[in-house]
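So this block is start.cif, mmCIF, C-alpha atoms:
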data_data
loop_
_atom_site.group_PDB
_atom_site.id
_atom_site.type_symbol
_atom_site.label_atom_id
_atom_site.label_comp_id
_atom_site.auth_asym_id
_atom_site.auth_seq_id
_atom_site.Cartn_x
_atom_site.Cartn_y
_atom_site.Cartn_z
ATOM 1 C CA MET A 1 0.000 0.000 0.000
ATOM 2 C CA THR A 2 1.325 3.453 -0.862
ATOM 3 C CA ILE A 3 1.043 6.449 1.429
ATOM 4 C CA LYS A 4 -1.463 7.976 -0.981
ATOM 5 C CA GLU A 5 -3.568 4.800 -0.845
ATOM 6 C CA ALA A 6 -3.398 4.829 2.958
ATOM 7 C CA GLN A 7 -4.616 8.427 3.028
ATOM 8 C CA LYS A 8 -7.519 7.507 0.755
ATOM 9 C CA LEU A 9 -8.380 4.400 2.788
ATOM 10 C CA VAL A 10 -8.447 6.340 6.066
ATOM 11 C CA ASP A 11 -10.614 9.047 4.500
ATOM 12 C CA GLU A 12 -13.070 6.459 3.182
ATOM 13 C CA TRP A 13 -13.206 4.753 6.606
ATOM 14 C CA ILE A 14 -13.881 8.066 8.356
ATOM 15 C CA LYS A 15 -16.704 8.857 5.919
ATOM 16 C CA GLU A 16 -18.267 5.387 6.231
ATOM 17 C CA TYR A 17 -17.779 4.573 9.923
ATOM 18 C CA GLY A 18 -16.320 7.547 11.743
ATOM 19 C CA VAL A 19 -19.114 10.090 11.180
ATOM 20 C CA ARG A 20 -16.488 12.846 10.758
ATOM 21 C CA TYR A 21 -12.898 13.661 11.575
ATOM 22 C CA PHE A 22 -12.205 14.828 15.120
ATOM 23 C CA SER A 23 -11.031 18.434 15.189
ATOM 24 C CA GLU A 24 -7.405 19.046 14.310
ATOM 25 C CA LEU A 25 -6.643 19.950 17.918
ATOM 26 C CA THR A 26 -8.310 16.779 19.224
ATOM 27 C CA ASN A 27 -6.375 14.681 16.709
ATOM 28 C CA MET A 28 -3.129 16.384 17.763
ATOM 29 C CA ALA A 29 -3.891 15.413 21.370
ATOM 30 C CA VAL A 30 -4.737 11.850 20.270
ATOM 31 C CA LEU A 31 -1.468 11.673 18.299
ATOM 32 C CA THR A 32 0.434 12.732 21.397
ATOM 33 C CA GLU A 33 -1.391 10.086 23.426
ATOM 34 C CA GLU A 34 -0.569 7.372 20.895
ATOM 35 C CA VAL A 35 3.102 8.388 20.775
ATOM 36 C CA GLY A 36 3.116 8.185 24.578
ATOM 37 C CA GLU A 37 1.732 4.644 24.461
ATOM 38 C CA LEU A 38 4.470 3.662 22.014
ATOM 39 C CA ALA A 39 7.082 5.377 24.191
ATOM 40 C CA ARG A 40 5.930 3.398 27.237
ATOM 41 C CA ILE A 41 6.460 0.105 25.401
ATOM 42 C CA MET A 42 9.836 1.214 24.018
ATOM 43 C CA ALA A 43 11.055 2.399 27.451
ATOM 44 C CA ARG A 44 10.214 -0.933 29.008
ATOM 45 C CA ARG A 45 11.381 -3.148 26.154
ATOM 46 C CA TYR A 46 14.602 -1.326 25.251
ATOM 47 C CA GLY A 47 15.180 1.047 28.169
ATOM 48 C CA GLU A 48 15.758 0.696 31.863
ATOM 49 C CA GLN A 49 12.125 0.756 33.003
ATOM 50 C CA SER A 50 10.518 -2.493 34.110
ATOM 51 C CA TRP A 51 7.058 -3.664 33.107
ATOM 52 C CA LYS A 52 4.189 -2.731 35.410
ATOM 53 C CA VAL A 53 1.475 -5.262 36.184
ATOM 54 C CA THR A 54 -0.885 -3.148 34.051
ATOM 55 C CA ASP A 55 1.588 -3.403 31.133
ATOM 56 C CA ARG A 56 1.482 -7.212 31.006
ATOM 57 C CA ARG A 57 -0.510 -7.327 27.759
ATOM 58 C CA ALA A 58 2.106 -5.249 25.978
ATOM 59 C CA ALA A 59 4.920 -7.257 27.562
ATOM 60 C CA ASP A 60 3.337 -10.573 26.627
ATOM 61 C CA ASN A 61 2.527 -9.505 23.063
ATOM 62 C CA GLY A 62 5.954 -7.961 22.464
ATOM 63 C CA ARG A 63 6.384 -6.745 18.909
ATOM 64 C CA GLU A 64 2.683 -7.111 18.227
ATOM 65 C CA ALA A 65 1.833 -4.451 20.828
ATOM 66 C CA MET A 66 4.646 -2.216 19.587
ATOM 67 C CA GLY A 67 3.451 -2.588 16.001
ATOM 68 C CA GLU A 68 -0.131 -1.868 17.042
ATOM 69 C CA GLU A 69 0.941 1.387 18.691
ATOM 70 C CA MET A 70 3.024 2.382 15.647
ATOM 71 C CA ALA A 71 -0.013 1.765 13.439
ATOM 72 C CA ASP A 72 -2.147 3.900 15.768
ATOM 73 C CA VAL A 73 0.395 6.733 15.457
ATOM 74 C CA LEU A 74 0.321 6.392 11.665
ATOM 75 C CA TRP A 75 -3.498 6.367 11.604
ATOM 76 C CA VAL A 76 -3.823 9.636 13.509
ATOM 77 C CA LEU A 77 -1.001 11.256 11.523
ATOM 78 C CA ILE A 78 -2.832 10.331 8.317
ATOM 79 C CA CYS A 79 -6.055 11.780 9.735
ATOM 80 C CA LEU A 80 -4.267 15.066 10.443
ATOM 81 C CA ALA A 81 -2.754 15.100 6.955
ATOM 82 C CA ASN A 82 -6.132 14.443 5.341
ATOM 83 C CA GLN A 83 -7.997 17.102 7.253
ATOM 84 C CA THR A 84 -5.305 19.743 6.688
ATOM 85 C CA GLY A 85 -4.799 18.951 2.998
ATOM 86 C CA VAL A 86 -1.256 17.603 3.303
ATOM 87 C CA ASP A 87 -0.084 15.147 0.643
ATOM 88 C CA LEU A 88 2.155 12.923 2.769
ATOM 89 C CA THR A 89 3.757 11.277 -0.273
ATOM 90 C CA HIS A 90 4.875 14.635 -1.631
ATOM 91 C CA GLU A 91 6.039 15.888 1.762
ATOM 92 C CA PHE A 92 7.939 12.670 2.527
ATOM 93 C CA GLU A 93 9.691 12.833 -0.847
ATOM 94 C CA LYS A 94 10.679 16.454 -0.144
ATOM 95 C CA SER A 95 11.940 15.448 3.301
ATOM 96 C CA MET A 96 14.076 12.653 1.859
ATOM 97 C CA GLU A 97 15.583 15.024 -0.700
ATOM 98 C CA LYS A 98 16.322 17.622 2.008
ATOM 99 C CA LYS A 99 17.918 15.068 4.339
ATOM 100 C CA THR A 100 20.029 13.628 1.528
ATOM 101 C CA ARG A 101 21.217 17.062 0.417
ATOM 102 C CA ARG A 102 21.879 18.313 3.959
ATOM 103 C CA ASP A 103 23.117 15.147 5.661
ATOM 104 C CA HIS A 104 24.744 13.067 2.911
ATOM 105 C CA LEU A 105 28.096 13.163 4.761
ATOM 106 C CA ARG A 106 27.010 14.127 8.271
ATOM 107 C CA HIS A 107 26.478 10.618 9.664
ATOM 108 C CA ILE A 108 29.198 8.915 7.622
ATOM 109 C CA GLU A 109 31.725 11.359 9.088
ATOM 110 C CA ASN A 110 30.389 11.109 12.659
ATOM 111 C CA GLU A 111 33.089 9.342 14.667
ATOM 112 C CA LYS A 112 30.565 8.494 17.422
ATOM 113 C CA LEU A 113 28.689 6.290 14.957
ATOM 114 C CA LEU A 114 31.792 4.416 13.828
ATOM 115 C CA ALA A 115 32.462 2.864 17.236
#
Give the structure from this file in structure tokens form.
Amino acid sequence: MTIKEAQKLVDEWIKEYGVRYFSELTNMAVLTEEVGELARIMARRYGEQSWKVTDRRAADNGREAMGEEMADVLWVLICLANQTGVDLTHEFEKSMEKKTRRDHLRHIENEKLLA
């Protein structure tokens, strides 16, 4: 699935099942919430925090829970793009070009990354 197809699919789902998009501000808050849920899993799986009893589902499901949270982040980001008229394919392509032009030697020459 392309990014453009994902944007279309989300828009169709919202129109068929979602009644309407939440406001942009509500979706920004939901995006922040979803990123926080992903951060909690990452901090416990890869960081120093231990799992809480209430986190057992995420701990037991491992990558599945992490993937689910990443998909939730993507969903809300696509909603925001759709409702603000952003073509994520175009913007991602521009971002890749900018990063390549700006950073084409930056990381290769970073001694901290060579260790």
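Interatomic distance, CA of Glu34 (chain A) against CA of Val73 (chain A): 5.6 Å.
Note that CA of Lys98 (chain A) and CA of Ala71 (chain A) are 25.5 Å apart.
Comparing A:Arg40, A:Arg45, A:His90, A:Arg101 by their smallest distance to Asp60 (chain A), the closest is A:Arg45 (using only C-alpha atoms).
If you look at CA of Glu24 (chain A) and CA of Val86 (chain A), they are 12.7 Å away from each other.
A distance cut-off of 9 Å around (0.8, 3.2, 22.9), counting only C-alpha atoms, selects these protein and nucleic acid residues: Glu33, Glu34, Val35, Gly36, Glu37, Leu38, Ala39, Arg40, Ile41, Ala65, Met66, Glu68, Glu69, Met70, Asp72 and Val73 of chain A.
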Kindly export the residues of the current selection with C-alpha atoms, as a compact mmCIF listing (two decimals), in the frame of the given file.
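As a result, out10.txt now contains:
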# COMPACT_ATOMS: atom_id res chain seq x y z
CA GLU A 33 -1.39 10.09 23.43
CA GLU A 34 -0.57 7.37 20.90
CA VAL A 35 3.10 8.39 20.78
CA GLY A 36 3.12 8.18 24.58
CA GLU A 37 1.73 4.64 24.46
CA LEU A 38 4.47 3.66 22.01
CA ALA A 39 7.08 5.38 24.19
CA ARG A 40 5.93 3.40 27.24
CA ILE A 41 6.46 0.10 25.40
CA ALA A 65 1.83 -4.45 20.83
CA MET A 66 4.65 -2.22 19.59
CA GLU A 68 -0.13 -1.87 17.04
CA GLU A 69 0.94 1.39 18.69
CA MET A 70 3.02 2.38 15.65
CA ASP A 72 -2.15 3.90 15.77
CA VAL A 73 0.40 6.73 15.46
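Each of A:Gln83, A:Trp75, A:Thr54, A:Lys94 was compared to Arg20 (chain A) using all atoms listed in the file, and A:Gln83 turns out to be the nearest.
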Padding of 5 Å on every side, edges along x, y and z, all listed atoms of region 86-90 of chain A included: what centre and edge lengths in Å, to one decimal, does that box have, as lines of an AutoDock Vina configuration file?
center_x = 1.8
center_y = 14.4
center_z = 0.8
size_x = 16.1
size_y = 16.3
size_z = 14.9
Which polymer residues have any atom within 10 Å of an atom of Ile78 (chain A), counting all atoms listed in the file, with same-chain residues fewer than 3 positions away left out, as an mmCIF file with C-alpha atoms, keeping the file's coordinate frame?
data_model
loop_
_atom_site.group_PDB
_atom_site.id
_atom_site.type_symbol
_atom_site.label_atom_id
_atom_site.label_comp_id
_atom_site.auth_asym_id
_atom_site.auth_seq_id
_atom_site.Cartn_x
_atom_site.Cartn_y
_atom_site.Cartn_z
ATOM 1 C CA ILE A 3 1.043 6.449 1.429
ATOM 2 C CA LYS A 4 -1.463 7.976 -0.981
ATOM 3 C CA ALA A 6 -3.398 4.829 2.958
ATOM 4 C CA GLN A 7 -4.616 8.427 3.028
ATOM 5 C CA LYS A 8 -7.519 7.507 0.755
ATOM 6 C CA LEU A 9 -8.380 4.400 2.788
ATOM 7 C CA VAL A 10 -8.447 6.340 6.066
ATOM 8 C CA ASP A 11 -10.614 9.047 4.500
ATOM 9 C CA ASP A 72 -2.147 3.900 15.768
ATOM 10 C CA VAL A 73 0.395 6.733 15.457
ATOM 11 C CA LEU A 74 0.321 6.392 11.665
ATOM 12 C CA TRP A 75 -3.498 6.367 11.604
ATOM 13 C CA ALA A 81 -2.754 15.100 6.955
ATOM 14 C CA ASN A 82 -6.132 14.443 5.341
ATOM 15 C CA GLN A 83 -7.997 17.102 7.253
ATOM 16 C CA THR A 84 -5.305 19.743 6.688
ATOM 17 C CA VAL A 86 -1.256 17.603 3.303
ATOM 18 C CA ASP A 87 -0.084 15.147 0.643
ATOM 19 C CA LEU A 88 2.155 12.923 2.769
#
